[in-house]
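Novice: Right, I'll just put the structure down here and ask away after.
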Amino acid sequence: MLEAVERQIEHYIDDLEDKDASELYHKLPAGKRLRARLILTIAGNSLMAIKSASIVEMIHTASLLHDDVIDEADTRRGKASLHSLYGSKTSIMFGDVLYSKGFYELVNIDSKIAKVISNAVVKLSLGERRDVLLSESFNHNRDSYLKMIYQKTASLIEASVEVGAILAGKNPKIYRIYGRNLGLAFQMIDDILDITQSSDVLGKPSMHDFQEGKTTLPYIYLYESLSDLERKKLVSLHKRAVSKDSTEWIRERMYKTGALQRSQVEARELIEEAIELMNIEGEVELELMARKMIERNY
Ligand code: FPP
Ligand code: MG
């Protein structure tokens, strides 16, 4: 099913008649295509579903090319990022190509679908900005974190599920909740794995979020449960290249205070609600996708 999406994206790239763009596209590491998979699972593989899924994936890829520049990330999906291989200018410009071609093709699609996707991309951009702003100091406000991850990550996943529902003539409201929960849980799990997994397993440096200034949900809960003295210590380590000792201290406190477990429970609750909704809708595959998400370890 996803093969049709890969072919459609390649077709869009070929349309550009630009050798450099084709070469750069083929250098990108393959992703999980979660958003495309959601659209096709809900709506089947009609041409409209394949086109919508391809456009969403192109925009998503563009956003990651920009994000790797913003985050100064050397790796993406276990491989060298385009920005580390060819520089930030190339990463941004090729991101622009994918992004604008995606929007060009979106115009030819049903306006209802175009509205859902473009509205999510606005949120995505605001979310990335919010992420950067929140990283400037130690954020311990859970609501700010939740709003940011909704915009940055959940909005496009929610939109993909809604697009699938619209195309299939299903109730978009119910599917939106599934997408929102799945998206929020996806980012929470990503943030948890940054702490619990090794760099080898992740394919990117572990314990990196805190060094970047990102106080994700486990850090917010850790902050809440520490004594004044330990809070001061934690805040003093924020946005620093922390030593192995400090990393181990953070990890140990994360487990001992239950901050990690609390975050895991929260992600699991979102997934459980999503599964329940899809159970009522008889969407076995969507239930399975949600279950797999909570069980992933990289
Ligand atoms: C990854 O987050 C980043 C996103 C999901 C969104 C990025 C959005 C933009 C750069 C703005 C929109 C740009 C365009 C071209 C539409 P992360 O850094 O937490 O995750 P990571 O570990 O996978 O990098
Ligand atoms: Mg990033």
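Every chain in the structure tokens takes a letter, A first, then B, and so on in the order presented; its residues are numbered from 1, and the ligands are numbered from 1 following the presented order.
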If you run DSSP on this backbone, which residues of segment 58-265 of chain A come out as helix (DSSP H, G or I), and could you give them as an MDAnalysis selection string?
Specialist: chainID A and resid 58:70 82:86 88:107 111:134 142:168 172:196 199:202 208:212 217:225 228:237 244:256 259:265
Novice: Give me, as JSON lines, the closest atom pair and its distance (Å, one decimal) for every residue of chain A within a cut-off of 8 Å of ligand 2, counting only C-alpha atoms and all ligand atoms, rows sorted by chain and rising number.
Specialist:
```
{"residue": "A:Leu64", "atom": "CA", "partner": "ligand 2", "partner_atom_place_in_ligand_line": "1 (Mg)", "distance": 7.1}
{"residue": "A:Asp67", "atom": "CA", "partner": "ligand 2", "partner_atom_place_in_ligand_line": "1 (Mg)", "distance": 5.1}
{"residue": "A:Asp68", "atom": "CA", "partner": "ligand 2", "partner_atom_place_in_ligand_line": "1 (Mg)", "distance": 5.4}
{"residue": "A:Ile70", "atom": "CA", "partner": "ligand 2", "partner_atom_place_in_ligand_line": "1 (Mg)", "distance": 7.4}
{"residue": "A:Asp71", "atom": "CA", "partner": "ligand 2", "partner_atom_place_in_ligand_line": "1 (Mg)", "distance": 5.2}
{"residue": "A:Glu72", "atom": "CA", "partner": "ligand 2", "partner_atom_place_in_ligand_line": "1 (Mg)", "distance": 8.0}
{"residue": "A:Ala73", "atom": "CA", "partner": "ligand 2", "partner_atom_place_in_ligand_line": "1 (Mg)", "distance": 6.6}
```
Novice: Using C-alpha atoms, can you write the selected residues to a file as an mmCIF file, in the first residue's frame?
Specialist:
```cif
data_model
loop_
_atom_site.group_PDB
_atom_site.id
_atom_site.type_symbol
_atom_site.label_atom_id
_atom_site.label_comp_id
_atom_site.auth_asym_id
_atom_site.auth_seq_id
_atom_site.Cartn_x
_atom_site.Cartn_y
_atom_site.Cartn_z
ATOM 1 C CA LEU A 64 12.375 17.590 9.539
ATOM 2 C CA ASP A 67 14.160 20.969 12.238
ATOM 3 C CA ASP A 68 17.577 19.314 11.940
ATOM 4 C CA ILE A 70 17.262 24.371 14.012
ATOM 5 C CA ASP A 71 18.245 21.563 16.423
ATOM 6 C CA GLU A 72 21.749 21.267 14.908
ATOM 7 C CA ALA A 73 21.139 17.512 14.685
#
```
Novice: Give the answer as one residue: which of A:Ala21, A:Leu47, A:Ala80, A:Val97 has the shortest atom-to-atom distance to ligand 1, using only C-alpha atoms and all ligand atoms?
Specialist: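 Closest to ligand 1, using only C-alpha atoms and all ligand atoms: A:Val97.
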Novice: With ligand 1 as the partner and 9 Å as the cut-off, tabulate the residues of chain A that qualify, each row holding the nearest pair of atoms and their distance in Å to one decimal, using only C-alpha atoms and all ligand atoms, sorted by chain and rising number, as a tab-separated table.
Specialist:
```
residue	atom	partner	partner_atom_place_in_ligand_line	distance
A:Ile59	CA	ligand 1	16 (C)	5.7
A:His60	CA	ligand 1	16 (C)	6.7
A:Thr61	CA	ligand 1	15 (C)	7.9
A:Ala62	CA	ligand 1	15 (C)	4.7
A:Ser63	CA	ligand 1	14 (C)	3.9
A:Leu64	CA	ligand 1	7 (C)	5.5
A:Leu65	CA	ligand 1	10 (C)	7.3
A:His66	CA	ligand 1	10 (C)	4.6
A:Asp67	CA	ligand 1	10 (C)	4.2
A:Asp68	CA	ligand 1	24 (O)	6.1
A:Val69	CA	ligand 1	10 (C)	8.5
A:Ile70	CA	ligand 1	10 (C)	7.3
A:Asp71	CA	ligand 1	18 (O)	6.4
A:Ala73	CA	ligand 1	24 (O)	7.2
A:Thr75	CA	ligand 1	24 (O)	8.9
A:Arg76	CA	ligand 1	23 (O)	7.3
A:Arg77	CA	ligand 1	23 (O)	8.2
A:Ile92	CA	ligand 1	15 (C)	8.2
A:Gly95	CA	ligand 1	15 (C)	5.9
A:Asp96	CA	ligand 1	15 (C)	6.3
A:Leu98	CA	ligand 1	15 (C)	8.1
A:Tyr99	CA	ligand 1	15 (C)	5.6
A:Ser100	CA	ligand 1	15 (C)	8.6
A:Val121	CA	ligand 1	16 (C)	5.7
A:Val122	CA	ligand 1	12 (C)	7.6
A:Lys123	CA	ligand 1	12 (C)	8.4
A:Leu124	CA	ligand 1	8 (C)	5.3
A:Ser125	CA	ligand 1	11 (C)	3.7
A:Leu126	CA	ligand 1	11 (C)	7.1
A:Gly127	CA	ligand 1	8 (C)	7.0
A:Glu128	CA	ligand 1	8 (C)	4.9
A:Arg129	CA	ligand 1	11 (C)	7.4
A:Asp131	CA	ligand 1	19 (O)	8.1
A:Ile149	CA	ligand 1	19 (O)	8.3
A:Gln151	CA	ligand 1	6 (C)	8.4
A:Lys152	CA	ligand 1	6 (C)	4.9
A:Thr153	CA	ligand 1	5 (C)	4.6
A:Ala154	CA	ligand 1	5 (C)	8.3
A:Leu156	CA	ligand 1	5 (C)	8.5
A:Gln187	CA	ligand 1	19 (O)	7.2
A:Asp190	CA	ligand 1	22 (O)	7.4
A:Asp191	CA	ligand 1	19 (O)	7.7
A:Asp194	CA	ligand 1	22 (O)	8.6
A:Lys204	CA	ligand 1	22 (O)	8.1
A:Asp209	CA	ligand 1	19 (O)	8.1
A:Lys214	CA	ligand 1	19 (O)	8.6
```
Novice: I need the strand (DSSP E or B) residues of segment 1-195 of chain A per DSSP on the backbone, written as a VMD selection string.
Specialist: chain A and resid 75 to 76 79 to 80
Novice: I'd like to know which of A:Met1, A:Ile50, A:Ala274, A:Ala114 is closest to Arg176 of chain A, using only C-alpha atoms.
Specialist: A:Ala274
Novice: By how many Å are atom CA of Ser198 of chain A and atom CA of Tyr298 of chain A apart?
Specialist: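 Value for the atom CA of Ser198 of chain A-atom CA of Tyr298 of chain A distance: 9.3 Å.
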Novice: Write out as a list of chain:residue names which residues come within 12 Å of Met289 of chain A when counting only C-alpha atoms, dropping same-chain ones fewer than 3 positions away.
Specialist: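 The neighbour list is A:Lys32, A:Leu34, A:Arg35, A:Arg37, A:Leu38, A:Thr41, A:Ile42, A:Tyr178, A:Gly179, A:Leu182, A:Gly183, A:Phe186, A:Ile271, A:Glu272, A:Ala274, A:Ile275, A:Met278, A:Glu283, A:Val284, A:Glu285, A:Leu286, A:Lys292, A:Met293, A:Ile294, A:Glu295, A:Arg296.
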Novice: What lies within 10 Å of segment 13-18 of chain A using only C-alpha atoms, ignoring chain neighbours under 5 positions off, as a PDB file with N, CA, C and O atoms, in the first residue's frame?
Specialist:
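So selection-v7.pdb came out as:
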```
ATOM      1  N   ARG A   7       5.939   5.786  -4.873  1.00  0.00           N
ATOM      2  CA  ARG A   7       5.951   6.050  -6.323  1.00  0.00           C
ATOM      3  C   ARG A   7       5.380   7.423  -6.638  1.00  0.00           C
ATOM      4  O   ARG A   7       5.894   8.144  -7.485  1.00  0.00           O
ATOM      5  N   GLN A   8       4.308   7.812  -5.911  1.00  0.00           N
ATOM      6  CA  GLN A   8       3.682   9.122  -6.146  1.00  0.00           C
ATOM      7  C   GLN A   8       4.652  10.250  -5.774  1.00  0.00           C
ATOM      8  O   GLN A   8       4.785  11.230  -6.506  1.00  0.00           O
ATOM      9  N   GLU A  23      18.566  13.907  -6.805  1.00  0.00           N
ATOM     10  CA  GLU A  23      19.690  13.288  -6.087  1.00  0.00           C
ATOM     11  C   GLU A  23      19.536  13.469  -4.576  1.00  0.00           C
ATOM     12  O   GLU A  23      19.745  12.538  -3.799  1.00  0.00           O
ATOM     13  N   TYR A  25      16.792  13.973  -2.936  1.00  0.00           N
ATOM     14  CA  TYR A  25      15.661  13.168  -2.451  1.00  0.00           C
ATOM     15  C   TYR A  25      16.091  11.728  -2.183  1.00  0.00           C
ATOM     16  O   TYR A  25      15.735  11.151  -1.155  1.00  0.00           O
ATOM     17  N   MET A  58       5.634  14.625   2.164  1.00  0.00           N
ATOM     18  CA  MET A  58       6.618  15.583   1.641  1.00  0.00           C
ATOM     19  C   MET A  58       6.756  16.789   2.576  1.00  0.00           C
ATOM     20  O   MET A  58       7.850  17.257   2.864  1.00  0.00           O
ATOM     21  N   VAL A  97      11.899  23.185  -1.275  1.00  0.00           N
ATOM     22  CA  VAL A  97      11.442  22.555  -2.523  1.00  0.00           C
ATOM     23  C   VAL A  97      10.323  21.549  -2.220  1.00  0.00           C
ATOM     24  O   VAL A  97       9.249  21.582  -2.833  1.00  0.00           O
ATOM     25  N   LEU A  98      10.575  20.683  -1.255  1.00  0.00           N
ATOM     26  CA  LEU A  98       9.572  19.656  -0.908  1.00  0.00           C
ATOM     27  C   LEU A  98       8.287  20.295  -0.387  1.00  0.00           C
ATOM     28  O   LEU A  98       7.178  19.884  -0.724  1.00  0.00           O
ATOM     29  N   LYS A 101       6.438  22.256  -3.333  1.00  0.00           N
ATOM     30  CA  LYS A 101       5.843  21.305  -4.288  1.00  0.00           C
ATOM     31  C   LYS A 101       4.624  20.626  -3.635  1.00  0.00           C
ATOM     32  O   LYS A 101       3.580  20.443  -4.275  1.00  0.00           O
ATOM     33  N   GLY A 102       4.755  20.298  -2.373  1.00  0.00           N
ATOM     34  CA  GLY A 102       3.632  19.702  -1.643  1.00  0.00           C
ATOM     35  C   GLY A 102       2.417  20.624  -1.672  1.00  0.00           C
ATOM     36  O   GLY A 102       1.300  20.201  -1.974  1.00  0.00           O
TER      37      GLY A 102
END
```
Novice: Using only C-alpha atoms, can you tell me which of A:His208, A:Glu287, A:Phe103, A:Val5 comes closest to Met48 of chain A?
Specialist: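 Among A:His208, A:Glu287, A:Phe103, A:Val5, it is A:Val5 that comes nearest to Met48 of chain A.
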Novice: May I have the residues within 10 Å of segment 247-254 of chain A as a list in words, using only C-alpha atoms and disregarding those fewer than 5 positions away in the same chain?
Specialist: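 Within the cut-off, the hits are Ile195, Thr196, Met207, Phe210, Pro218, Tyr219, Tyr221, Leu222, Tyr223, Ser225, Leu226, Glu230, Lys233, Leu234, Leu237, Ala241, Val242, Ala259, Leu260, Gln261 and Arg262 of chain A.
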Novice: Would you output that residue set with N, CA, C and O atoms, as a PDB file, in the first residue's frame?
Specialist:
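Just written: part-v8.pdb:
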```pdb
ATOM      1  N   ILE A 195      15.494   9.490  27.275  1.00  0.00           N
ATOM      2  CA  ILE A 195      16.084   9.289  28.608  1.00  0.00           C
ATOM      3  C   ILE A 195      16.386   7.804  28.873  1.00  0.00           C
ATOM      4  O   ILE A 195      17.428   7.476  29.436  1.00  0.00           O
ATOM      5  N   THR A 196      15.483   6.931  28.447  1.00  0.00           N
ATOM      6  CA  THR A 196      15.623   5.521  28.827  1.00  0.00           C
ATOM      7  C   THR A 196      16.521   4.702  27.903  1.00  0.00           C
ATOM      8  O   THR A 196      17.050   3.676  28.309  1.00  0.00           O
ATOM      9  N   MET A 207      19.754  11.293  25.907  1.00  0.00           N
ATOM     10  CA  MET A 207      19.797  12.371  26.912  1.00  0.00           C
ATOM     11  C   MET A 207      20.168  13.716  26.262  1.00  0.00           C
ATOM     12  O   MET A 207      20.846  14.546  26.875  1.00  0.00           O
ATOM     13  N   PHE A 210      17.612  17.514  27.058  1.00  0.00           N
ATOM     14  CA  PHE A 210      17.878  18.430  28.183  1.00  0.00           C
ATOM     15  C   PHE A 210      19.064  19.348  27.862  1.00  0.00           C
ATOM     16  O   PHE A 210      19.058  20.526  28.207  1.00  0.00           O
ATOM     17  N   PRO A 218       8.946  14.148  31.338  1.00  0.00           N
ATOM     18  CA  PRO A 218       9.624  13.543  32.501  1.00  0.00           C
ATOM     19  C   PRO A 218      10.414  14.584  33.317  1.00  0.00           C
ATOM     20  O   PRO A 218      10.479  14.478  34.551  1.00  0.00           O
ATOM     21  N   TYR A 219      10.981  15.579  32.661  1.00  0.00           N
ATOM     22  CA  TYR A 219      11.722  16.627  33.387  1.00  0.00           C
ATOM     23  C   TYR A 219      10.767  17.496  34.201  1.00  0.00           C
ATOM     24  O   TYR A 219      11.102  17.940  35.305  1.00  0.00           O
ATOM     25  N   TYR A 221       7.878  16.530  35.480  1.00  0.00           N
ATOM     26  CA  TYR A 221       7.472  15.744  36.650  1.00  0.00           C
ATOM     27  C   TYR A 221       8.625  15.560  37.635  1.00  0.00           C
ATOM     28  O   TYR A 221       8.414  15.529  38.849  1.00  0.00           O
ATOM     29  N   LEU A 222       9.831  15.451  37.114  1.00  0.00           N
ATOM     30  CA  LEU A 222      10.986  15.321  38.000  1.00  0.00           C
ATOM     31  C   LEU A 222      11.129  16.586  38.838  1.00  0.00           C
ATOM     32  O   LEU A 222      11.278  16.523  40.065  1.00  0.00           O
ATOM     33  N   TYR A 223      11.042  17.722  38.176  1.00  0.00           N
ATOM     34  CA  TYR A 223      11.150  19.016  38.854  1.00  0.00           C
ATOM     35  C   TYR A 223      10.123  19.105  39.983  1.00  0.00           C
ATOM     36  O   TYR A 223      10.436  19.510  41.096  1.00  0.00           O
ATOM     37  N   SER A 225       8.818  16.787  41.710  1.00  0.00           N
ATOM     38  CA  SER A 225       8.981  15.884  42.855  1.00  0.00           C
ATOM     39  C   SER A 225      10.312  16.005  43.588  1.00  0.00           C
ATOM     40  O   SER A 225      10.549  15.264  44.534  1.00  0.00           O
ATOM     41  N   LEU A 226      11.158  16.941  43.169  1.00  0.00           N
ATOM     42  CA  LEU A 226      12.459  17.091  43.847  1.00  0.00           C
ATOM     43  C   LEU A 226      12.398  18.074  45.014  1.00  0.00           C
ATOM     44  O   LEU A 226      11.518  18.941  45.065  1.00  0.00           O
ATOM     45  N   GLU A 230      17.669  19.796  45.319  1.00  0.00           N
ATOM     46  CA  GLU A 230      17.843  18.993  44.099  1.00  0.00           C
ATOM     47  C   GLU A 230      17.284  19.720  42.865  1.00  0.00           C
ATOM     48  O   GLU A 230      17.813  19.590  41.769  1.00  0.00           O
ATOM     49  N   LYS A 233      19.921  21.912  41.653  1.00  0.00           N
ATOM     50  CA  LYS A 233      20.936  21.136  40.931  1.00  0.00           C
ATOM     51  C   LYS A 233      20.464  20.840  39.510  1.00  0.00           C
ATOM     52  O   LYS A 233      21.212  21.022  38.543  1.00  0.00           O
ATOM     53  N   LEU A 234      19.205  20.394  39.398  1.00  0.00           N
ATOM     54  CA  LEU A 234      18.652  20.055  38.080  1.00  0.00           C
ATOM     55  C   LEU A 234      18.656  21.285  37.158  1.00  0.00           C
ATOM     56  O   LEU A 234      19.108  21.204  36.006  1.00  0.00           O
ATOM     57  N   LEU A 237      21.912  22.242  35.644  1.00  0.00           N
ATOM     58  CA  LEU A 237      22.427  21.373  34.576  1.00  0.00           C
ATOM     59  C   LEU A 237      21.740  21.634  33.237  1.00  0.00           C
ATOM     60  O   LEU A 237      22.197  21.170  32.192  1.00  0.00           O
ATOM     61  N   ALA A 241      26.270  20.810  28.446  1.00  0.00           N
ATOM     62  CA  ALA A 241      26.802  19.503  28.049  1.00  0.00           C
ATOM     63  C   ALA A 241      27.117  18.778  29.345  1.00  0.00           C
ATOM     64  O   ALA A 241      28.175  18.979  29.954  1.00  0.00           O
ATOM     65  N   VAL A 242      26.176  17.989  29.838  1.00  0.00           N
ATOM     66  CA  VAL A 242      26.325  17.399  31.174  1.00  0.00           C
ATOM     67  C   VAL A 242      27.279  16.201  31.193  1.00  0.00           C
ATOM     68  O   VAL A 242      27.362  15.447  30.232  1.00  0.00           O
ATOM     69  N   ALA A 259       9.037   9.943  38.108  1.00  0.00           N
ATOM     70  CA  ALA A 259       8.733  10.932  37.056  1.00  0.00           C
ATOM     71  C   ALA A 259       8.600  10.257  35.683  1.00  0.00           C
ATOM     72  O   ALA A 259       7.716  10.607  34.891  1.00  0.00           O
ATOM     73  N   LEU A 260       9.476   9.284  35.443  1.00  0.00           N
ATOM     74  CA  LEU A 260       9.423   8.572  34.156  1.00  0.00           C
ATOM     75  C   LEU A 260       8.153   7.742  34.045  1.00  0.00           C
ATOM     76  O   LEU A 260       7.451   7.785  33.031  1.00  0.00           O
ATOM     77  N   GLN A 261       7.867   6.991  35.131  1.00  0.00           N
ATOM     78  CA  GLN A 261       6.699   6.120  35.136  1.00  0.00           C
ATOM     79  C   GLN A 261       5.425   6.950  34.963  1.00  0.00           C
ATOM     80  O   GLN A 261       4.514   6.547  34.244  1.00  0.00           O
ATOM     81  N   ARG A 262       5.380   8.130  35.600  1.00  0.00           N
ATOM     82  CA  ARG A 262       4.209   9.008  35.504  1.00  0.00           C
ATOM     83  C   ARG A 262       3.998   9.445  34.044  1.00  0.00           C
ATOM     84  O   ARG A 262       2.869   9.474  33.547  1.00  0.00           O
TER      85      ARG A 262
END
```
Novice: Name the closest residue to Ser160 of chain A among the candidates A:Val132, A:Asp228, A:Gly78, A:Ala43; distances are taken between atoms, counting only C-alpha atoms.
Specialist: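 Closest residue, counting only C-alpha atoms: A:Ala43.
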Novice: Smallest atom-to-atom distance to Ala36 of chain A: which of A:Val163, A:Lys79, A:Ile113, A:His11, using only C-alpha atoms?
Specialist: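 Ranking A:Val163, A:Lys79, A:Ile113, A:His11 by distance to Ala36 of chain A, first place goes to A:Val163.
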Novice: Nearest to Lys115 of chain A among A:Ser91, A:Ser144, A:Ser135, A:Ser52, with distances taken over only C-alpha atoms: which residue is it?
Specialist: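 Selected residue with least distance to Lys115 of chain A: A:Ser52.
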Novice: I'd like the interatomic distance between atom CA of Ser227 of chain A and atom CA of Leu146 of chain A, to a tenth of an Å.
Specialist: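 Here the two named atoms are 24.3 Å from each other.
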